[in-house]
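Below is one structure, written out as structure tokens; the observations come after it.
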Amino acid sequence: MTPRLLRRALCLIFSTALSTGLSAAADALPDKVYSLAFYQAGLLYSQGKGLDRDVIDELMKRGGYRFDTFEQPRARIWKELQEGTLSMTVSAIRVAERDSFAYFIPYHAQKNMALTTRADLRSPADLLADPRARIAVVRSFRHGPTYDELIAQLAGQGRVIKVPSIHNLFLMLGAGNRVDTVFSLPLFYRKELAELGLDDRVRIMDWSPQTAPIPHHLALSKAHFSYQDYQRMAALMQGMRDDGTLRRLLSAYLSGDELESALQF
């Protein structure tokens, strides 16, 4: 049995238990309040709204969870999750070193694209070959193997500027005096480009066409959630996927091929 089929089988077992009287609300220990950190991220979360907020609201309704929610810079979120002082966060990329302190539950997939204000930058090779070219990245963000390797090469040459948020990333791109390229997701850049009036100035390219969309997850601190707690929440998320709720939530922000791609995890 593949890992994906095994996960579905486990989720079915838990979903069946919930439907036969073992209520998710009771299992979620409503008296416990979990700290949950959002981060400013375009259509995922901005000014209290977005896909991440929608997903958490649905989990609260289905599972009876109580969350103390707030916003924090992404780098601080990962630091507090690793230290065990934060219970949970959203739209997280799973990498091996994070498995030691968090459980991960996927709920959408996104693919990073290259966004540049320069017509002569058409590929990673062009970017590497021009010593004047600079990029900006959000601190602690991961972009997938292809882009992360490229970022590491540029960082070794002192050509990477780190910023605290998605909005800062696009402010720097729009200013045009220090940064000419960034890597970002559709759910990030659609909102930022429109609001900053950059649609006509920025070219969007896929510099990693062979790379599949990257799953984004709920990240649950192992200091706050037991493995059984994790399985319980994973079952609820699988139920949202199976009954079409997750598709409905995503369709408020994406359509067509981008919507279908976001469901491939």
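If you're wondering about the labels, chains in the structure tokens are A, B, ... by order shown, residues count from 1 in each chain, ligands from 1 in order shown.
Neighbours of A:Gly158 closer than or equal to 12 Å, with only C-alpha atoms counted and sequence neighbours fewer than 3 positions away skipped, come out as Leu128, Pro131, Arg132, Ala133, Arg134, Ile135, Ala136, Ile151, Ala152, Gln153, Leu154, Ala155, Ile161 and Lys162 of chain A.
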File of the preceding selection, N, CA and C atoms, as a PDB file, in the first residue's frame:
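Saved to again_39.pdb:
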```
ATOM      1  N   LEU A 128      22.073  33.986 -12.978  1.00  0.00           N
ATOM      2  CA  LEU A 128      23.392  33.692 -12.420  1.00  0.00           C
ATOM      3  C   LEU A 128      24.502  34.420 -13.170  1.00  0.00           C
ATOM      4  N   PRO A 131      26.006  39.693 -12.770  1.00  0.00           N
ATOM      5  CA  PRO A 131      26.364  40.050 -11.389  1.00  0.00           C
ATOM      6  C   PRO A 131      25.570  41.228 -10.834  1.00  0.00           C
ATOM      7  N   ARG A 132      24.882  41.978 -11.715  1.00  0.00           N
ATOM      8  CA  ARG A 132      24.054  43.093 -11.244  1.00  0.00           C
ATOM      9  C   ARG A 132      22.711  42.617 -10.702  1.00  0.00           C
ATOM     10  N   ALA A 133      22.264  41.424 -11.101  1.00  0.00           N
ATOM     11  CA  ALA A 133      20.930  40.930 -10.750  1.00  0.00           C
ATOM     12  C   ALA A 133      20.854  40.586  -9.265  1.00  0.00           C
ATOM     13  N   ARG A 134      19.795  41.008  -8.648  1.00  0.00           N
ATOM     14  CA  ARG A 134      19.557  40.730  -7.232  1.00  0.00           C
ATOM     15  C   ARG A 134      18.153  40.145  -7.053  1.00  0.00           C
ATOM     16  N   ILE A 135      18.001  39.291  -6.046  1.00  0.00           N
ATOM     17  CA  ILE A 135      16.690  38.752  -5.707  1.00  0.00           C
ATOM     18  C   ILE A 135      16.385  39.069  -4.242  1.00  0.00           C
ATOM     19  N   ALA A 136      15.106  38.969  -3.899  1.00  0.00           N
ATOM     20  CA  ALA A 136      14.683  39.082  -2.504  1.00  0.00           C
ATOM     21  C   ALA A 136      13.909  37.821  -2.139  1.00  0.00           C
ATOM     22  N   ILE A 151      18.787  29.951  -5.083  1.00  0.00           N
ATOM     23  CA  ILE A 151      18.902  30.976  -4.040  1.00  0.00           C
ATOM     24  C   ILE A 151      20.205  30.807  -3.265  1.00  0.00           C
ATOM     25  N   ALA A 152      20.567  29.560  -2.963  1.00  0.00           N
ATOM     26  CA  ALA A 152      21.808  29.305  -2.232  1.00  0.00           C
ATOM     27  C   ALA A 152      23.023  29.788  -3.028  1.00  0.00           C
ATOM     28  N   GLN A 153      23.019  29.550  -4.342  1.00  0.00           N
ATOM     29  CA  GLN A 153      24.136  30.015  -5.168  1.00  0.00           C
ATOM     30  C   GLN A 153      24.238  31.541  -5.157  1.00  0.00           C
ATOM     31  N   LEU A 154      23.086  32.194  -5.278  1.00  0.00           N
ATOM     32  CA  LEU A 154      23.080  33.660  -5.284  1.00  0.00           C
ATOM     33  C   LEU A 154      23.461  34.226  -3.918  1.00  0.00           C
ATOM     34  N   ALA A 155      23.023  33.555  -2.862  1.00  0.00           N
ATOM     35  CA  ALA A 155      23.379  34.007  -1.510  1.00  0.00           C
ATOM     36  C   ALA A 155      24.888  33.935  -1.307  1.00  0.00           C
ATOM     37  N   ILE A 161      18.624  39.447  -0.828  1.00  0.00           N
ATOM     38  CA  ILE A 161      18.154  40.317   0.246  1.00  0.00           C
ATOM     39  C   ILE A 161      16.990  39.626   0.936  1.00  0.00           C
ATOM     40  N   LYS A 162      17.069  39.506   2.261  1.00  0.00           N
ATOM     41  CA  LYS A 162      16.017  38.839   3.017  1.00  0.00           C
ATOM     42  C   LYS A 162      15.074  39.867   3.626  1.00  0.00           C
TER      43      LYS A 162
END
```
Practice task
Using DSSP on the backbone coordinates, identify the residues of stretch 48-210 of chain A assigned to strand (DSSP E or B); present them as a VMD selection string.
Solution key: chain A and resid 49 66 to 71 88 to 92 102 to 110 113 to 116 135 to 138 160 to 163 181 to 184 203 to 205
For the residues in that selection, give me N, CA and C atoms as a tab-separated table (two decimals), in the first residue's frame.
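Writing the result to again35.tsv gives the following:
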```tsv
chain	number	residue	atom	x	y	z
A	49	LYS	N	-8.36	37.69	6.55
A	49	LYS	CA	-9.13	36.91	5.58
A	49	LYS	C	-8.19	36.14	4.66
A	66	ARG	N	-10.52	25.06	19.70
A	66	ARG	CA	-10.43	26.44	20.14
A	66	ARG	C	-9.01	26.92	19.88
A	67	PHE	N	-8.89	28.00	19.12
A	67	PHE	CA	-7.59	28.54	18.74
A	67	PHE	C	-7.43	29.97	19.22
A	68	ASP	N	-6.27	30.26	19.74
A	68	ASP	CA	-5.85	31.64	20.02
A	68	ASP	C	-5.02	32.07	18.82
A	69	THR	N	-5.60	32.86	17.91
A	69	THR	CA	-4.94	33.18	16.65
A	69	THR	C	-4.32	34.57	16.66
A	70	PHE	N	-3.21	34.70	15.95
A	70	PHE	CA	-2.50	35.97	15.85
A	70	PHE	C	-1.56	35.91	14.66
A	71	GLU	N	-0.96	37.03	14.30
A	71	GLU	CA	-0.01	37.10	13.19
A	71	GLU	C	1.42	37.23	13.71
A	88	MET	N	0.72	25.68	16.53
A	88	MET	CA	0.31	25.34	15.17
A	88	MET	C	0.48	26.52	14.23
A	89	THR	N	0.68	26.23	12.94
A	89	THR	CA	0.66	27.26	11.91
A	89	THR	C	0.07	26.70	10.63
A	90	VAL	N	0.01	27.54	9.59
A	90	VAL	CA	-0.70	27.21	8.35
A	90	VAL	C	0.22	27.32	7.14
A	91	SER	N	-0.22	26.71	6.02
A	91	SER	CA	0.51	26.79	4.75
A	91	SER	C	2.01	26.62	4.92
A	92	ALA	N	2.38	25.51	5.53
A	92	ALA	CA	3.78	25.22	5.84
A	92	ALA	C	4.32	24.17	4.87
A	102	ALA	N	7.34	18.69	14.34
A	102	ALA	CA	5.98	18.99	13.89
A	102	ALA	C	5.39	17.85	13.07
A	103	TYR	N	4.06	17.72	13.15
A	103	TYR	CA	3.28	16.87	12.24
A	103	TYR	C	2.76	17.75	11.12
A	104	PHE	N	2.57	17.16	9.93
A	104	PHE	CA	2.14	17.95	8.78
A	104	PHE	C	0.91	17.34	8.12
A	105	ILE	N	-0.08	18.19	7.81
A	105	ILE	CA	-1.32	17.77	7.17
A	105	ILE	C	-1.50	18.62	5.92
A	106	PRO	N	-1.39	18.03	4.71
A	106	PRO	CA	-1.50	18.83	3.48
A	106	PRO	C	-2.93	19.24	3.18
A	107	TYR	N	-3.07	20.45	2.58
A	107	TYR	CA	-4.42	20.85	2.16
A	107	TYR	C	-4.43	21.71	0.89
A	108	HIS	N	-3.30	22.08	0.36
A	108	HIS	CA	-3.25	22.66	-0.98
A	108	HIS	C	-1.82	22.57	-1.49
A	109	ALA	N	-1.68	22.64	-2.80
A	109	ALA	CA	-0.36	22.57	-3.42
A	109	ALA	C	-0.18	23.80	-4.30
A	110	GLN	N	1.02	24.35	-4.29
A	110	GLN	CA	1.34	25.54	-5.06
A	110	GLN	C	2.72	25.37	-5.70
A	113	MET	N	6.80	30.48	-9.01
A	113	MET	CA	7.14	31.02	-10.33
A	113	MET	C	8.19	32.10	-10.15
A	114	ALA	N	8.92	32.38	-11.23
A	114	ALA	CA	9.89	33.47	-11.22
A	114	ALA	C	9.21	34.73	-11.73
A	115	LEU	N	9.31	35.81	-10.96
A	115	LEU	CA	8.73	37.10	-11.34
A	115	LEU	C	9.86	38.11	-11.46
A	116	THR	N	9.97	38.75	-12.61
A	116	THR	CA	11.06	39.69	-12.82
A	116	THR	C	10.59	40.93	-13.56
A	135	ILE	N	18.00	39.29	-6.05
A	135	ILE	CA	16.69	38.75	-5.71
A	135	ILE	C	16.38	39.07	-4.24
A	136	ALA	N	15.11	38.97	-3.90
A	136	ALA	CA	14.68	39.08	-2.50
A	136	ALA	C	13.91	37.82	-2.14
A	137	VAL	N	14.05	37.39	-0.90
A	137	VAL	CA	13.31	36.23	-0.39
A	137	VAL	C	12.79	36.55	1.01
A	138	VAL	N	11.71	35.91	1.39
A	138	VAL	CA	11.19	36.05	2.75
A	138	VAL	C	11.98	35.12	3.66
A	160	VAL	N	21.41	38.15	-2.47
A	160	VAL	CA	20.08	37.86	-1.93
A	160	VAL	C	19.78	38.81	-0.77
A	161	ILE	N	18.62	39.45	-0.83
A	161	ILE	CA	18.15	40.32	0.25
A	161	ILE	C	16.99	39.63	0.94
A	162	LYS	N	17.07	39.51	2.26
A	162	LYS	CA	16.02	38.84	3.02
A	162	LYS	C	15.07	39.87	3.63
A	163	VAL	N	13.77	39.59	3.52
A	163	VAL	CA	12.75	40.50	4.02
A	163	VAL	C	11.81	39.73	4.95
A	181	THR	N	14.11	40.49	-9.19
A	181	THR	CA	13.51	39.16	-9.33
A	181	THR	C	13.09	38.62	-7.98
A	182	VAL	N	11.94	37.93	-7.94
A	182	VAL	CA	11.51	37.20	-6.75
A	182	VAL	C	10.89	35.89	-7.21
A	183	PHE	N	10.73	34.96	-6.28
A	183	PHE	CA	10.06	33.69	-6.55
A	183	PHE	C	8.82	33.62	-5.65
A	184	SER	N	7.68	33.33	-6.25
A	184	SER	CA	6.46	33.41	-5.46
A	184	SER	C	5.37	32.50	-6.01
A	203	ARG	N	7.07	40.22	-15.42
A	203	ARG	CA	6.93	39.01	-16.23
A	203	ARG	C	6.93	37.81	-15.30
A	204	ILE	N	6.01	36.86	-15.54
A	204	ILE	CA	5.87	35.67	-14.72
A	204	ILE	C	6.28	34.46	-15.55
A	205	MET	N	7.28	33.71	-15.07
A	205	MET	CA	7.81	32.57	-15.83
A	205	MET	C	7.98	31.35	-14.94
```
Handout entry: Selection near A:Arg53, 12 Å with only C-alpha atoms, sequence-local residues under 3 positions removed, as a PyMOL selection string
Key = chain A and resi 36-50+56-60+67+69-71+89-91+218+249-250
I need the chosen residues saved as a short mmCIF file (atom, residue, chain, number, x, y, z; two decimals), in the first residue's frame, with N, CA and C atoms.
```
data_model
loop_
_atom_site.label_atom_id
_atom_site.label_comp_id
_atom_site.auth_asym_id
_atom_site.auth_seq_id
_atom_site.Cartn_x
_atom_site.Cartn_y
_atom_site.Cartn_z
N LEU A 36 -2.23 29.53 17.50
CA LEU A 36 -2.13 29.33 16.06
C LEU A 36 -1.67 30.63 15.41
N ALA A 37 -0.55 30.58 14.72
CA ALA A 37 0.02 31.78 14.10
C ALA A 37 -0.22 31.79 12.59
N PHE A 38 -0.84 32.87 12.12
CA PHE A 38 -0.94 33.16 10.70
C PHE A 38 0.24 34.05 10.32
N TYR A 39 0.47 34.18 9.01
CA TYR A 39 1.44 35.16 8.52
C TYR A 39 0.84 35.83 7.29
N GLN A 40 1.17 37.09 7.08
CA GLN A 40 0.65 37.83 5.94
C GLN A 40 1.15 37.18 4.65
N ALA A 41 0.21 36.73 3.81
CA ALA A 41 0.60 35.95 2.64
C ALA A 41 -0.43 36.04 1.52
N GLY A 42 -0.68 37.23 1.03
CA GLY A 42 -1.54 37.39 -0.12
C GLY A 42 -2.93 36.83 0.10
N LEU A 43 -3.37 35.99 -0.84
CA LEU A 43 -4.71 35.42 -0.76
C LEU A 43 -4.81 34.28 0.25
N LEU A 44 -3.69 33.84 0.78
CA LEU A 44 -3.73 32.85 1.86
C LEU A 44 -4.20 33.50 3.16
N TYR A 45 -3.66 34.68 3.44
CA TYR A 45 -4.07 35.39 4.66
C TYR A 45 -3.63 36.84 4.57
N SER A 46 -4.60 37.72 4.71
CA SER A 46 -4.31 39.15 4.71
C SER A 46 -5.45 39.88 5.40
N GLN A 47 -5.12 40.66 6.40
CA GLN A 47 -6.11 41.43 7.16
C GLN A 47 -7.25 40.55 7.67
N GLY A 48 -6.88 39.39 8.17
CA GLY A 48 -7.84 38.50 8.80
C GLY A 48 -8.63 37.62 7.86
N LYS A 49 -8.36 37.69 6.55
CA LYS A 49 -9.13 36.91 5.58
C LYS A 49 -8.19 36.14 4.66
N GLY A 50 -8.76 35.10 4.02
CA GLY A 50 -7.98 34.32 3.07
C GLY A 50 -8.23 32.84 3.21
N ILE A 56 -9.18 27.11 8.63
CA ILE A 56 -9.19 27.02 10.10
C ILE A 56 -10.61 27.16 10.63
N ASP A 57 -11.40 28.06 10.05
CA ASP A 57 -12.79 28.21 10.49
C ASP A 57 -13.57 26.92 10.28
N GLU A 58 -13.31 26.23 9.17
CA GLU A 58 -14.00 24.97 8.90
C GLU A 58 -13.57 23.88 9.89
N LEU A 59 -12.29 23.85 10.22
CA LEU A 59 -11.81 22.88 11.22
C LEU A 59 -12.43 23.15 12.59
N MET A 60 -12.58 24.40 12.95
CA MET A 60 -13.21 24.74 14.23
C MET A 60 -14.66 24.24 14.24
N PHE A 67 -8.89 28.00 19.12
CA PHE A 67 -7.59 28.54 18.74
C PHE A 67 -7.43 29.97 19.22
N THR A 69 -5.60 32.86 17.91
CA THR A 69 -4.94 33.18 16.65
C THR A 69 -4.32 34.57 16.66
N PHE A 70 -3.21 34.70 15.95
CA PHE A 70 -2.50 35.97 15.85
C PHE A 70 -1.56 35.91 14.66
N GLU A 71 -0.96 37.03 14.30
CA GLU A 71 -0.01 37.10 13.19
C GLU A 71 1.42 37.23 13.71
N THR A 89 0.68 26.23 12.94
CA THR A 89 0.66 27.26 11.91
C THR A 89 0.07 26.70 10.63
N VAL A 90 0.01 27.54 9.59
CA VAL A 90 -0.70 27.21 8.35
C VAL A 90 0.22 27.32 7.14
N SER A 91 -0.22 26.71 6.02
CA SER A 91 0.51 26.79 4.75
C SER A 91 2.01 26.62 4.92
N LEU A 218 -0.90 22.18 7.22
CA LEU A 218 -0.98 22.59 8.61
C LEU A 218 0.23 21.98 9.31
N LEU A 249 -13.58 25.90 -1.05
CA LEU A 249 -12.82 26.97 -0.42
C LEU A 249 -11.74 27.50 -1.36
N LEU A 250 -11.04 26.60 -2.04
CA LEU A 250 -9.99 27.01 -2.96
C LEU A 250 -10.55 27.77 -4.16
#
```
Practice task
Write out as an MDAnalysis selection string the residues lying within 9 Å of A:Glu83, counting only C-alpha atoms and excluding same-chain residues fewer than 3 positions away.
Solution key: chainID A and resid 78:80 86 101 223
Go ahead and save the picked residues with N, CA and C atoms, as a PDB file, in the first residue's frame.
```
ATOM      1  N   TRP A  78       8.507  29.648  12.808  1.00  0.00           N
ATOM      2  CA  TRP A  78       9.271  28.399  12.786  1.00  0.00           C
ATOM      3  C   TRP A  78      10.145  28.257  14.032  1.00  0.00           C
ATOM      4  N   LYS A  79      10.679  29.347  14.524  1.00  0.00           N
ATOM      5  CA  LYS A  79      11.497  29.297  15.735  1.00  0.00           C
ATOM      6  C   LYS A  79      10.650  28.828  16.923  1.00  0.00           C
ATOM      7  N   GLU A  80       9.439  29.374  17.053  1.00  0.00           N
ATOM      8  CA  GLU A  80       8.592  29.021  18.197  1.00  0.00           C
ATOM      9  C   GLU A  80       8.019  27.610  18.065  1.00  0.00           C
ATOM     10  N   LEU A  86       4.782  27.408  20.412  1.00  0.00           N
ATOM     11  CA  LEU A  86       3.647  27.656  19.527  1.00  0.00           C
ATOM     12  C   LEU A  86       3.027  26.325  19.155  1.00  0.00           C
ATOM     13  N   PHE A 101       9.963  18.114  14.991  1.00  0.00           N
ATOM     14  CA  PHE A 101       9.184  18.874  15.966  1.00  0.00           C
ATOM     15  C   PHE A 101       7.745  19.148  15.544  1.00  0.00           C
ATOM     16  N   ALA A 223       4.967  19.139  20.585  1.00  0.00           N
ATOM     17  CA  ALA A 223       4.919  19.447  22.017  1.00  0.00           C
ATOM     18  C   ALA A 223       3.487  19.695  22.488  1.00  0.00           C
TER      19      ALA A 223
END
```
Problem - Those in stretch 94-238 of chain A with helix (DSSP H, G or I) from DSSP, as an MDAnalysis selection string - result: chainID A and resid 96:98 124:129 145:156 166:175 186:195 227:238
Convert the current residue selection to file output with N, CA and C atoms, as a short mmCIF file (atom, residue, chain, number, x, y, z; two decimals), in the first residue's frame.
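Saved as out.cif:
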```
data_model
loop_
_atom_site.label_atom_id
_atom_site.label_comp_id
_atom_site.auth_asym_id
_atom_site.auth_seq_id
_atom_site.Cartn_x
_atom_site.Cartn_y
_atom_site.Cartn_z
N ALA A 96 12.66 17.68 5.83
CA ALA A 96 13.08 16.64 6.77
C ALA A 96 13.39 17.16 8.16
N GLU A 97 14.08 18.29 8.25
CA GLU A 97 14.50 18.78 9.57
C GLU A 97 13.32 19.25 10.41
N ARG A 98 12.18 19.54 9.79
CA ARG A 98 11.01 19.98 10.54
C ARG A 98 10.19 18.82 11.09
N PRO A 124 17.23 30.73 -15.10
CA PRO A 124 18.20 30.76 -13.99
C PRO A 124 19.61 31.08 -14.48
N ALA A 125 19.96 30.60 -15.66
CA ALA A 125 21.30 30.86 -16.19
C ALA A 125 21.52 32.35 -16.41
N ASP A 126 20.48 33.03 -16.93
CA ASP A 126 20.59 34.47 -17.13
C ASP A 126 20.80 35.19 -15.81
N LEU A 127 20.07 34.77 -14.81
CA LEU A 127 20.16 35.40 -13.49
C LEU A 127 21.55 35.21 -12.89
N LEU A 128 22.07 33.99 -12.98
CA LEU A 128 23.39 33.69 -12.42
C LEU A 128 24.50 34.42 -13.17
N ALA A 129 24.31 34.62 -14.47
CA ALA A 129 25.37 35.20 -15.30
C ALA A 129 25.51 36.70 -15.14
N PRO A 145 13.20 22.39 -4.29
CA PRO A 145 14.63 22.12 -4.52
C PRO A 145 15.28 22.99 -5.59
N THR A 146 14.62 23.18 -6.73
CA THR A 146 15.24 23.93 -7.83
C THR A 146 15.53 25.37 -7.43
N TYR A 147 14.53 26.04 -6.91
CA TYR A 147 14.70 27.45 -6.54
C TYR A 147 15.58 27.59 -5.30
N ASP A 148 15.47 26.68 -4.34
CA ASP A 148 16.31 26.78 -3.15
C ASP A 148 17.78 26.65 -3.50
N GLU A 149 18.09 25.78 -4.46
CA GLU A 149 19.49 25.64 -4.89
C GLU A 149 19.97 26.92 -5.57
N LEU A 150 19.12 27.50 -6.40
CA LEU A 150 19.47 28.75 -7.07
C LEU A 150 19.67 29.87 -6.06
N ILE A 151 18.79 29.95 -5.08
CA ILE A 151 18.90 30.98 -4.04
C ILE A 151 20.20 30.81 -3.27
N ALA A 152 20.57 29.56 -2.96
CA ALA A 152 21.81 29.30 -2.23
C ALA A 152 23.02 29.79 -3.03
N GLN A 153 23.02 29.55 -4.34
CA GLN A 153 24.14 30.01 -5.17
C GLN A 153 24.24 31.54 -5.16
N LEU A 154 23.09 32.19 -5.28
CA LEU A 154 23.08 33.66 -5.28
C LEU A 154 23.46 34.23 -3.92
N ALA A 155 23.02 33.55 -2.86
CA ALA A 155 23.38 34.01 -1.51
C ALA A 155 24.89 33.93 -1.31
N GLY A 156 25.51 32.89 -1.86
CA GLY A 156 26.96 32.77 -1.75
C GLY A 156 27.70 33.89 -2.44
N ILE A 166 5.78 38.76 2.76
CA ILE A 166 5.44 38.76 1.34
C ILE A 166 5.25 40.19 0.82
N HIS A 167 4.58 41.00 1.59
CA HIS A 167 4.32 42.37 1.15
C HIS A 167 5.62 43.13 0.95
N ASN A 168 6.58 42.97 1.86
CA ASN A 168 7.88 43.60 1.70
C ASN A 168 8.59 43.12 0.43
N LEU A 169 8.40 41.84 0.13
CA LEU A 169 9.00 41.25 -1.07
C LEU A 169 8.57 42.01 -2.32
N PHE A 170 7.27 42.27 -2.43
CA PHE A 170 6.76 42.93 -3.63
C PHE A 170 6.96 44.44 -3.60
N LEU A 171 7.05 45.02 -2.42
CA LEU A 171 7.42 46.43 -2.35
C LEU A 171 8.82 46.63 -2.92
N MET A 172 9.73 45.72 -2.59
CA MET A 172 11.10 45.83 -3.10
C MET A 172 11.13 45.60 -4.61
N LEU A 173 10.36 44.63 -5.09
CA LEU A 173 10.33 44.37 -6.52
C LEU A 173 9.78 45.59 -7.26
N GLY A 174 8.74 46.20 -6.70
CA GLY A 174 8.14 47.36 -7.34
C GLY A 174 9.05 48.57 -7.32
N ALA A 175 9.85 48.72 -6.27
CA ALA A 175 10.75 49.88 -6.18
C ALA A 175 11.79 49.86 -7.29
N PRO A 186 1.20 31.63 -6.88
CA PRO A 186 0.02 32.36 -7.40
C PRO A 186 -0.83 32.97 -6.29
N LEU A 187 -1.04 32.25 -5.19
CA LEU A 187 -1.87 32.78 -4.10
C LEU A 187 -1.20 33.95 -3.39
N PHE A 188 0.10 34.10 -3.58
CA PHE A 188 0.80 35.27 -3.05
C PHE A 188 0.76 36.43 -4.06
N TYR A 189 1.25 36.15 -5.28
CA TYR A 189 1.52 37.27 -6.18
C TYR A 189 0.29 37.85 -6.85
N ARG A 190 -0.80 37.11 -6.97
CA ARG A 190 -1.99 37.66 -7.61
C ARG A 190 -2.49 38.90 -6.86
N LYS A 191 -2.56 38.80 -5.55
CA LYS A 191 -3.04 39.93 -4.75
C LYS A 191 -2.04 41.09 -4.75
N GLU A 192 -0.76 40.76 -4.53
CA GLU A 192 0.25 41.81 -4.39
C GLU A 192 0.46 42.57 -5.69
N LEU A 193 0.53 41.89 -6.81
CA LEU A 193 0.75 42.58 -8.08
C LEU A 193 -0.41 43.52 -8.40
N ALA A 194 -1.63 43.05 -8.15
CA ALA A 194 -2.81 43.88 -8.45
C ALA A 194 -2.84 45.12 -7.56
N GLU A 195 -2.62 44.93 -6.27
CA GLU A 195 -2.75 46.05 -5.33
C GLU A 195 -1.63 47.07 -5.48
N TYR A 227 0.26 12.04 18.62
CA TYR A 227 0.07 11.44 17.30
C TYR A 227 -1.40 11.16 17.05
N GLN A 228 -2.13 10.79 18.06
CA GLN A 228 -3.56 10.56 17.92
C GLN A 228 -4.30 11.87 17.60
N ASP A 229 -3.88 12.98 18.23
CA ASP A 229 -4.46 14.28 17.91
C ASP A 229 -4.23 14.62 16.43
N TYR A 230 -3.02 14.35 15.98
CA TYR A 230 -2.68 14.61 14.58
C TYR A 230 -3.55 13.79 13.64
N GLN A 231 -3.71 12.50 13.93
CA GLN A 231 -4.54 11.64 13.09
C GLN A 231 -5.98 12.13 13.05
N ARG A 232 -6.46 12.60 14.17
CA ARG A 232 -7.84 13.09 14.26
C ARG A 232 -8.05 14.30 13.35
N MET A 233 -7.09 15.25 13.41
CA MET A 233 -7.21 16.42 12.56
C MET A 233 -7.01 16.06 11.09
N ALA A 234 -6.11 15.13 10.81
CA ALA A 234 -5.90 14.68 9.43
C ALA A 234 -7.17 14.06 8.87
N ALA A 235 -7.92 13.33 9.70
CA ALA A 235 -9.17 12.73 9.26
C ALA A 235 -10.20 13.81 8.91
N LEU A 236 -10.24 14.86 9.70
CA LEU A 236 -11.16 15.96 9.41
C LEU A 236 -10.79 16.63 8.09
N MET A 237 -9.50 16.84 7.87
CA MET A 237 -9.06 17.47 6.63
C MET A 237 -9.38 16.57 5.44
N GLN A 238 -9.18 15.27 5.59
CA GLN A 238 -9.50 14.35 4.50
C GLN A 238 -11.00 14.39 4.21
#
```
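The closest residue to A:Leu198, picked from A:Phe225, A:Asp99, A:Leu220, A:Gly176 and counting only C-alpha atoms, is A:Gly176.
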